[in-house]
Every structure is written in C-alpha cells, then in structure tokens.
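Below: query-v6.cif (mmCIF, C-alpha atoms)
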data_final
#
loop_
_atom_site.group_PDB
_atom_site.id
_atom_site.type_symbol
_atom_site.label_atom_id
_atom_site.label_comp_id
_atom_site.auth_asym_id
_atom_site.auth_seq_id
_atom_site.Cartn_x
_atom_site.Cartn_y
_atom_site.Cartn_z
ATOM 1 C CA MET A 1 147.385 3.307 -148.485
ATOM 2 C CA GLU A 2 143.781 4.355 -148.417
ATOM 3 C CA HIS A 3 143.871 6.992 -151.165
ATOM 4 C CA ARG A 4 146.538 5.518 -153.410
ATOM 5 C CA PHE A 5 144.961 6.731 -156.651
ATOM 6 C CA GLN A 6 144.679 10.337 -155.458
ATOM 7 C CA VAL A 7 148.248 10.292 -154.146
ATOM 8 C CA ALA A 8 149.512 8.853 -157.430
ATOM 9 C CA LEU A 9 147.621 11.393 -159.526
ATOM 10 C CA SER A 10 148.756 14.312 -157.392
ATOM 11 C CA ALA A 11 152.388 13.170 -157.276
ATOM 12 C CA GLY A 12 152.501 12.424 -160.998
ATOM 13 C CA LEU A 13 150.973 15.713 -162.094
ATOM 14 C CA LEU A 14 153.084 17.864 -159.808
ATOM 15 C CA ALA A 15 156.290 15.913 -160.502
ATOM 16 C CA ALA A 16 155.796 16.534 -164.214
ATOM 17 C CA LEU A 17 155.117 20.216 -163.546
ATOM 18 C CA TRP A 18 158.240 20.461 -161.367
ATOM 19 C CA ALA A 19 160.394 18.749 -163.997
ATOM 20 C CA GLY A 20 159.180 21.203 -166.647
ATOM 21 C CA LEU A 21 159.631 24.269 -164.446
ATOM 22 C CA ALA A 22 163.049 23.133 -163.278
ATOM 23 C CA ASP A 23 164.142 22.640 -166.867
ATOM 24 C CA THR A 24 162.711 25.990 -167.960
ATOM 25 C CA PHE A 25 164.356 27.922 -165.124
ATOM 26 C CA HIS A 26 167.600 25.891 -165.089
ATOM 27 C CA LEU A 27 167.034 24.439 -161.627
ATOM 28 C CA VAL A 28 168.494 21.118 -160.559
ATOM 29 C CA THR A 29 165.516 18.758 -160.739
ATOM 30 C CA TRP A 30 166.842 16.024 -158.463
ATOM 31 C CA ILE A 31 167.550 18.494 -155.660
ATOM 32 C CA GLY A 32 163.892 19.529 -155.691
ATOM 33 C CA PHE A 33 162.839 15.893 -155.525
ATOM 34 C CA LEU A 34 165.123 15.313 -152.526
ATOM 35 C CA ALA A 35 163.608 18.307 -150.732
ATOM 36 C CA CYS A 36 160.140 17.003 -151.618
ATOM 37 C CA SER A 37 161.127 13.628 -150.183
ATOM 38 C CA THR A 38 162.425 15.332 -147.043
ATOM 39 C CA TYR A 39 159.035 17.008 -146.642
ATOM 40 C CA PHE A 40 157.255 13.649 -146.798
ATOM 41 C CA ALA A 41 159.709 11.975 -144.420
ATOM 42 C CA GLN A 42 159.690 14.600 -141.671
ATOM 43 C CA PRO A 43 156.972 14.329 -138.999
ATOM 44 C CA LYS A 44 155.253 17.742 -139.023
ATOM 45 C CA PRO A 45 152.129 18.390 -141.088
ATOM 46 C CA GLY A 46 151.411 21.357 -143.307
ATOM 47 C CA PHE A 47 153.509 24.465 -143.483
ATOM 48 C CA GLN A 48 155.279 23.572 -140.228
ATOM 49 C CA GLY A 49 156.682 20.614 -142.171
ATOM 50 C CA VAL A 50 157.824 22.927 -144.950
ATOM 51 C CA LEU A 51 159.669 25.066 -142.387
ATOM 52 C CA LEU A 52 161.278 22.003 -140.796
ATOM 53 C CA THR A 53 162.318 20.793 -144.251
ATOM 54 C CA TRP A 54 163.802 24.170 -145.161
ATOM 55 C CA LEU A 55 165.655 24.618 -141.902
ATOM 56 C CA THR A 56 167.116 21.129 -141.744
ATOM 57 C CA ASN A 57 168.031 20.900 -145.445
ATOM 58 C CA LEU A 58 169.585 24.365 -145.393
ATOM 59 C CA SER A 59 171.473 23.646 -142.188
ATOM 60 C CA GLY A 60 173.005 20.662 -143.980
ATOM 61 C CA VAL A 61 174.000 22.940 -146.842
ATOM 62 C CA PHE A 62 175.748 25.206 -144.346
ATOM 63 C CA TRP A 63 177.568 22.318 -142.640
ATOM 64 C CA ALA A 64 178.820 20.898 -145.930
ATOM 65 C CA TRP A 65 179.912 24.337 -147.080
ATOM 66 C CA LEU A 66 181.872 24.641 -143.831
ATOM 67 C CA VAL A 67 183.659 21.333 -144.480
ATOM 68 C CA ILE A 68 184.404 22.204 -148.108
ATOM 69 C CA SER A 69 185.588 25.715 -147.258
ATOM 70 C CA GLY A 70 187.677 24.603 -144.290
ATOM 71 C CA THR A 71 189.308 21.820 -146.267
ATOM 72 C CA SER A 72 190.080 24.204 -149.101
ATOM 73 C CA TYR A 73 191.386 26.932 -146.785
ATOM 74 C CA PHE A 74 193.755 24.632 -144.937
ATOM 75 C CA GLY A 75 194.587 22.580 -148.023
ATOM 76 C CA SER A 76 194.657 19.363 -146.049
ATOM 77 C CA ALA A 77 192.599 16.230 -146.467
ATOM 78 C CA TRP A 78 193.141 15.544 -142.757
ATOM 79 C CA VAL A 79 191.413 18.805 -141.863
ATOM 80 C CA GLY A 80 188.541 17.696 -144.092
ATOM 81 C CA TYR A 81 188.283 14.401 -142.236
ATOM 82 C CA LEU A 82 188.272 16.171 -138.889
ATOM 83 C CA LEU A 83 185.682 18.697 -140.062
ATOM 84 C CA THR A 84 183.514 15.889 -141.412
ATOM 85 C CA GLY A 85 183.463 14.283 -137.976
ATOM 86 C CA ILE A 86 182.704 17.560 -136.222
ATOM 87 C CA VAL A 87 179.977 18.451 -138.692
ATOM 88 C CA THR A 88 178.384 15.012 -138.456
ATOM 89 C CA SER A 89 178.213 15.401 -134.689
ATOM 90 C CA ALA A 90 176.838 18.933 -135.020
ATOM 91 C CA MET A 91 174.065 17.811 -137.380
ATOM 92 C CA CYS A 92 172.994 15.233 -134.814
ATOM 93 C CA LEU A 93 173.280 17.617 -131.863
ATOM 94 C CA GLN A 94 171.343 20.406 -133.556
ATOM 95 C CA ALA A 95 168.297 18.134 -133.492
ATOM 96 C CA SER A 96 167.853 19.028 -129.824
ATOM 97 C CA HIS A 97 166.372 22.276 -131.149
ATOM 98 C CA ASN A 98 162.776 21.771 -132.296
ATOM 99 C CA LYS A 99 163.253 23.751 -135.527
ATOM 100 C CA LEU A 100 166.207 21.516 -136.489
ATOM 101 C CA SER A 101 164.869 18.239 -135.128
ATOM 102 C CA PHE A 102 164.815 16.199 -138.343
ATOM 103 C CA ILE A 103 168.357 14.822 -138.600
ATOM 104 C CA PRO A 104 167.946 13.180 -142.042
ATOM 105 C CA GLY A 105 166.982 16.571 -143.484
ATOM 106 C CA ALA A 106 170.353 17.975 -142.463
ATOM 107 C CA PHE A 107 172.178 14.991 -143.936
ATOM 108 C CA ILE A 108 170.242 15.334 -147.203
ATOM 109 C CA GLY A 109 171.180 19.010 -147.500
ATOM 110 C CA CYS A 110 174.781 18.157 -146.645
ATOM 111 C CA CYS A 111 174.995 15.381 -149.251
ATOM 112 C CA ILE A 112 173.453 17.606 -151.911
ATOM 113 C CA THR A 113 176.053 20.261 -151.200
ATOM 114 C CA PHE A 114 178.915 17.785 -151.494
ATOM 115 C CA ALA A 115 177.429 16.422 -154.729
ATOM 116 C CA MET A 116 177.092 19.941 -156.140
ATOM 117 C CA ALA A 117 180.571 21.071 -155.001
ATOM 118 C CA ALA A 118 178.985 23.763 -152.802
ATOM 119 C CA ASP A 119 177.234 25.536 -155.714
ATOM 120 C CA ILE A 120 174.905 27.347 -153.308
ATOM 121 C CA ALA A 121 173.211 29.328 -156.093
ATOM 122 C CA ALA A 122 172.098 26.080 -157.731
ATOM 123 C CA ILE A 123 171.199 24.325 -154.483
ATOM 124 C CA VAL A 124 169.091 26.769 -152.490
ATOM 125 C CA PRO A 125 166.307 27.608 -154.994
ATOM 126 C CA ALA A 126 165.698 23.932 -155.800
ATOM 127 C CA LEU A 127 165.649 23.009 -152.096
ATOM 128 C CA ILE A 128 163.167 25.752 -151.287
ATOM 129 C CA LEU A 129 160.864 24.934 -154.182
ATOM 130 C CA GLY A 130 161.155 21.186 -153.609
ATOM 131 C CA ALA A 131 159.768 21.478 -150.078
ATOM 132 C CA LEU A 132 156.882 23.508 -151.490
ATOM 133 C CA LEU A 133 156.381 20.776 -154.080
ATOM 134 C CA GLY A 134 155.860 18.236 -151.304
ATOM 135 C CA TYR A 135 153.418 20.533 -149.542
ATOM 136 C CA ALA A 136 151.552 21.152 -152.808
ATOM 137 C CA MET A 137 151.285 17.393 -153.332
ATOM 138 C CA THR A 138 149.605 16.971 -149.945
ATOM 139 C CA LEU A 139 147.217 19.840 -150.653
ATOM 140 C CA LEU A 140 146.306 18.514 -154.106
ATOM 141 C CA THR A 141 145.880 15.000 -152.734
ATOM 142 C CA SER A 142 143.483 16.331 -150.068
ATOM 143 C CA GLN A 143 141.475 18.138 -152.724
ATOM 144 C CA LEU A 144 141.331 15.043 -154.926
ATOM 145 C CA VAL A 145 140.211 12.894 -151.978
ATOM 146 C CA SER A 146 137.508 15.409 -151.113
ATOM 147 C CA LEU A 147 136.366 15.623 -154.716
ATOM 148 C CA SER A 148 136.250 11.855 -155.133
ATOM 149 C CA GLN A 149 134.190 11.537 -151.941
ATOM 150 C CA LYS A 150 131.739 14.180 -153.167
ATOM 151 C CA LEU A 151 131.404 12.348 -156.466
ATOM 152 C CA GLY A 152 131.039 8.996 -154.742
ATOM 153 C CA LEU A 153 134.149 7.614 -156.401
ATOM 154 C CA SER A 154 135.789 6.370 -153.197
ATOM 155 C CA ALA A 155 133.674 3.239 -153.037
ATOM 156 C CA LYS A 156 134.377 2.411 -156.695
ATOM 157 C CA VAL A 157 138.140 2.901 -156.294
ATOM 158 C CA ALA A 158 138.147 0.870 -153.049
ATOM 159 C CA THR A 159 136.233 -1.927 -154.748
ATOM 160 C CA ALA A 160 138.698 -1.949 -157.657
ATOM 161 C CA ASP A 161 141.624 -1.984 -155.181
ATOM 162 C CA GLU A 162 140.120 -4.889 -153.248
ATOM 163 C CA SER A 163 139.598 -6.938 -156.402
ATOM 164 C CA GLY A 164 143.252 -6.456 -157.358
ATOM 165 C CA GLN A 165 142.636 -4.168 -160.323
#
Show me this structure written as structure tokens.
Amino acid sequence: MEHRFQVALSAGLLAALWAGLADTFHLVTWIGFLACSTYFAQPKPGFQGVLLTWLTNLSGVFWAWLVISGTSYFGSAWVGYLLTGIVTSAMCLQASHNKLSFIPGAFIGCCITFAMAADIAAIVPALILGALLGYAMTLLTSQLVSLSQKLGLSAKVATADESGQ
C-alpha cells in the first residue's frame, strides 16, 4: 500500500472519533464498523459508494426483518427455513440492479439484523453513519496524502518503509 501511514492515521483518528460518538449517542459501534467495512469493500468510489453501501446494507436489513417477522407470524421454524432460502436467493438476484449490485453488503445488513433481533431503531442509524465513516476516511486520507506531498514527506516515509522501519 503506497500511502500506508496516511491510511493508518486517518483510520485510527476517525475510528476513535466514531467509537466516542457511538458511545455518547448510544449507537452500536460494531454496526458502524461493519458499514464502514462495506464501504471499503464495494467497488464504487466516493459518494456513489456510500449510496451503494446504504442501499445494499439496508436491503439486507429488510430481508432479515422479513424472515424474522414471517417466522414469528407463522410460528414455525420450517417457515423460517423456507424464508431464509427465499431471502438468500433474493439478495443474490437483486444484484442485477445496479443500485443493489454489491451482494456482500446485503448479507452484512441481513446478518446485523439477525444479530440485533431486528432492532431496526438501533441498526439503521449506525449503518448510515458507518458508511459515512468509511467515506470520511477516504477523504481524510486523500488530504493527508496531499499534505505530505506538499511538505515533501512522501519520500521520507517511502524510504523508511523500504528500509523496514
């Protein structure tokens, strides 16, 4: 990774900020980190990536809610198994739509919802802010790279990296 130091600094600072804000506002920290990870894993740059993260993660929340609600309504584990299969297929098929094309994002949102027993009020704010956290990390990293280049620090960091320090 060419700008490892800038990435590390950006990620560390913003992760600490997120952890503090999540604690202060009673948000589920790990959900935000999963949304942040979704942002970095999906293929679109910038705010388009944030939108793809939101749409796929939130679609997964919907699909899991559907399984949980359907299982509860019918009171049958077998219905839950059937719904799980249908929903899994749907999450894969929805990827044929450009705005829902990142299948792992849907699965992440789905898993979060199962883990949180469909507590939508706890899930959605952390997912939304977590995607923004990932975007903010890329923006801060770009600024740090630009600043280090202006200050002539890139050559010094590269030399330290090459020497194994």
Target residues per the PyMOL selection byres ((chain A and resi 38) around 10), formatted as an NGL selection string
:A and (32-37 or 39-43 or 49-50 or 52-54 or 56-57 or 102 or 104-106 or 108-109 or 127 or 130-131 or 134)
In file coordinates, which residues lie within 12 Å of (160.4, 18.8, -159.8) using only C-alpha atoms, given as JSON, numbers by chain?
{"A": [11, 12, 13, 14, 15, 16, 17, 18, 19, 20, 21, 22, 23, 24, 25, 26, 27, 28, 29, 30, 31, 32, 33, 34, 35, 36, 37, 125, 126, 127, 128, 129, 130, 131, 132, 133, 134, 136, 137]}
In terms of all atoms listed in the file, the residue from A:Cys110, A:Ala118, A:Val61, A:Ile68 at minimal distance from Leu82 in chain A is A:Ile68
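We find CA of Thr113 in chain A and CA of Leu66 in chain A to be spaced 10.4 Å apart.
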To one decimal place in Å, what is the distance between CA of Trp63 in chain A and CA of Pro45 in chain A?
25.8 Å
I would like the residues chosen by the PyMOL selection byres ((chain A and resi 83) around 9) on the shown file; could you give them as a CSV table (one decimal) with C-alpha atoms, in the frame of the given file?
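Wrote it out as expr27.csv, contents follow:
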chain,number,residue,atom,x,y,z
A,66,LEU,CA,181.9,24.6,-143.8
A,67,VAL,CA,183.7,21.3,-144.5
A,68,ILE,CA,184.4,22.2,-148.1
A,70,GLY,CA,187.7,24.6,-144.3
A,71,THR,CA,189.3,21.8,-146.3
A,78,TRP,CA,193.1,15.5,-142.8
A,79,VAL,CA,191.4,18.8,-141.9
A,80,GLY,CA,188.5,17.7,-144.1
A,81,TYR,CA,188.3,14.4,-142.2
A,82,LEU,CA,188.3,16.2,-138.9
A,84,THR,CA,183.5,15.9,-141.4
A,85,GLY,CA,183.5,14.3,-138.0
A,86,ILE,CA,182.7,17.6,-136.2
A,87,VAL,CA,180.0,18.5,-138.7
A,88,THR,CA,178.4,15.0,-138.5
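Close contacts of range 143-149 of chain A, defined as residues with an atom at most 8 Å away when counting all atoms listed in the file, with chain neighbours fewer than 4 positions off set aside, comprise A:His3, A:Gln6, A:Ser10, A:Leu139, A:Leu153, A:Ser154.
Picture a line from CA of Ser96 in chain A to CA of Lys44 in chain A; it runs 15.7 Å.
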The residue from A:Ala117, A:Ala90, A:Ser59, A:Ser101 with the smallest atom-to-atom distance to Ser72 in chain A, counting only C-alpha atoms, is A:Ala117
To test the calculation: enclose all listed atoms of range 55-72 of chain A in a box whose edges run along x, y and z, add 4 Å on each side, then state centre and edge lengths in Å to one decimal, as AutoDock Vina command-line options.
--center_x 177.9 --center_y 23.2 --center_z -145.4 --size_x 32.4 --size_y 13.1 --size_z 15.4
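Remark: for Phe5 in chain A, the closest of the candidate residues A:Phe114, A:Gly46, A:Thr141, A:Asn98 is A:Thr141 (distances computed over all atoms listed in the file).
Minimum distance to Cys111 in chain A across A:Ala8, A:Gly60, A:His97, A:Leu140 (counting all atoms listed in the file) occurs at A:Gly60.
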Counting all atoms listed in the file, figure out which residue out of A:Ser142, A:Ala115, A:Phe62, A:Tyr135 gets nearest to Met91 in chain A.
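Ranked by minimum distance to Met91 in chain A, first place goes to A:Phe62.
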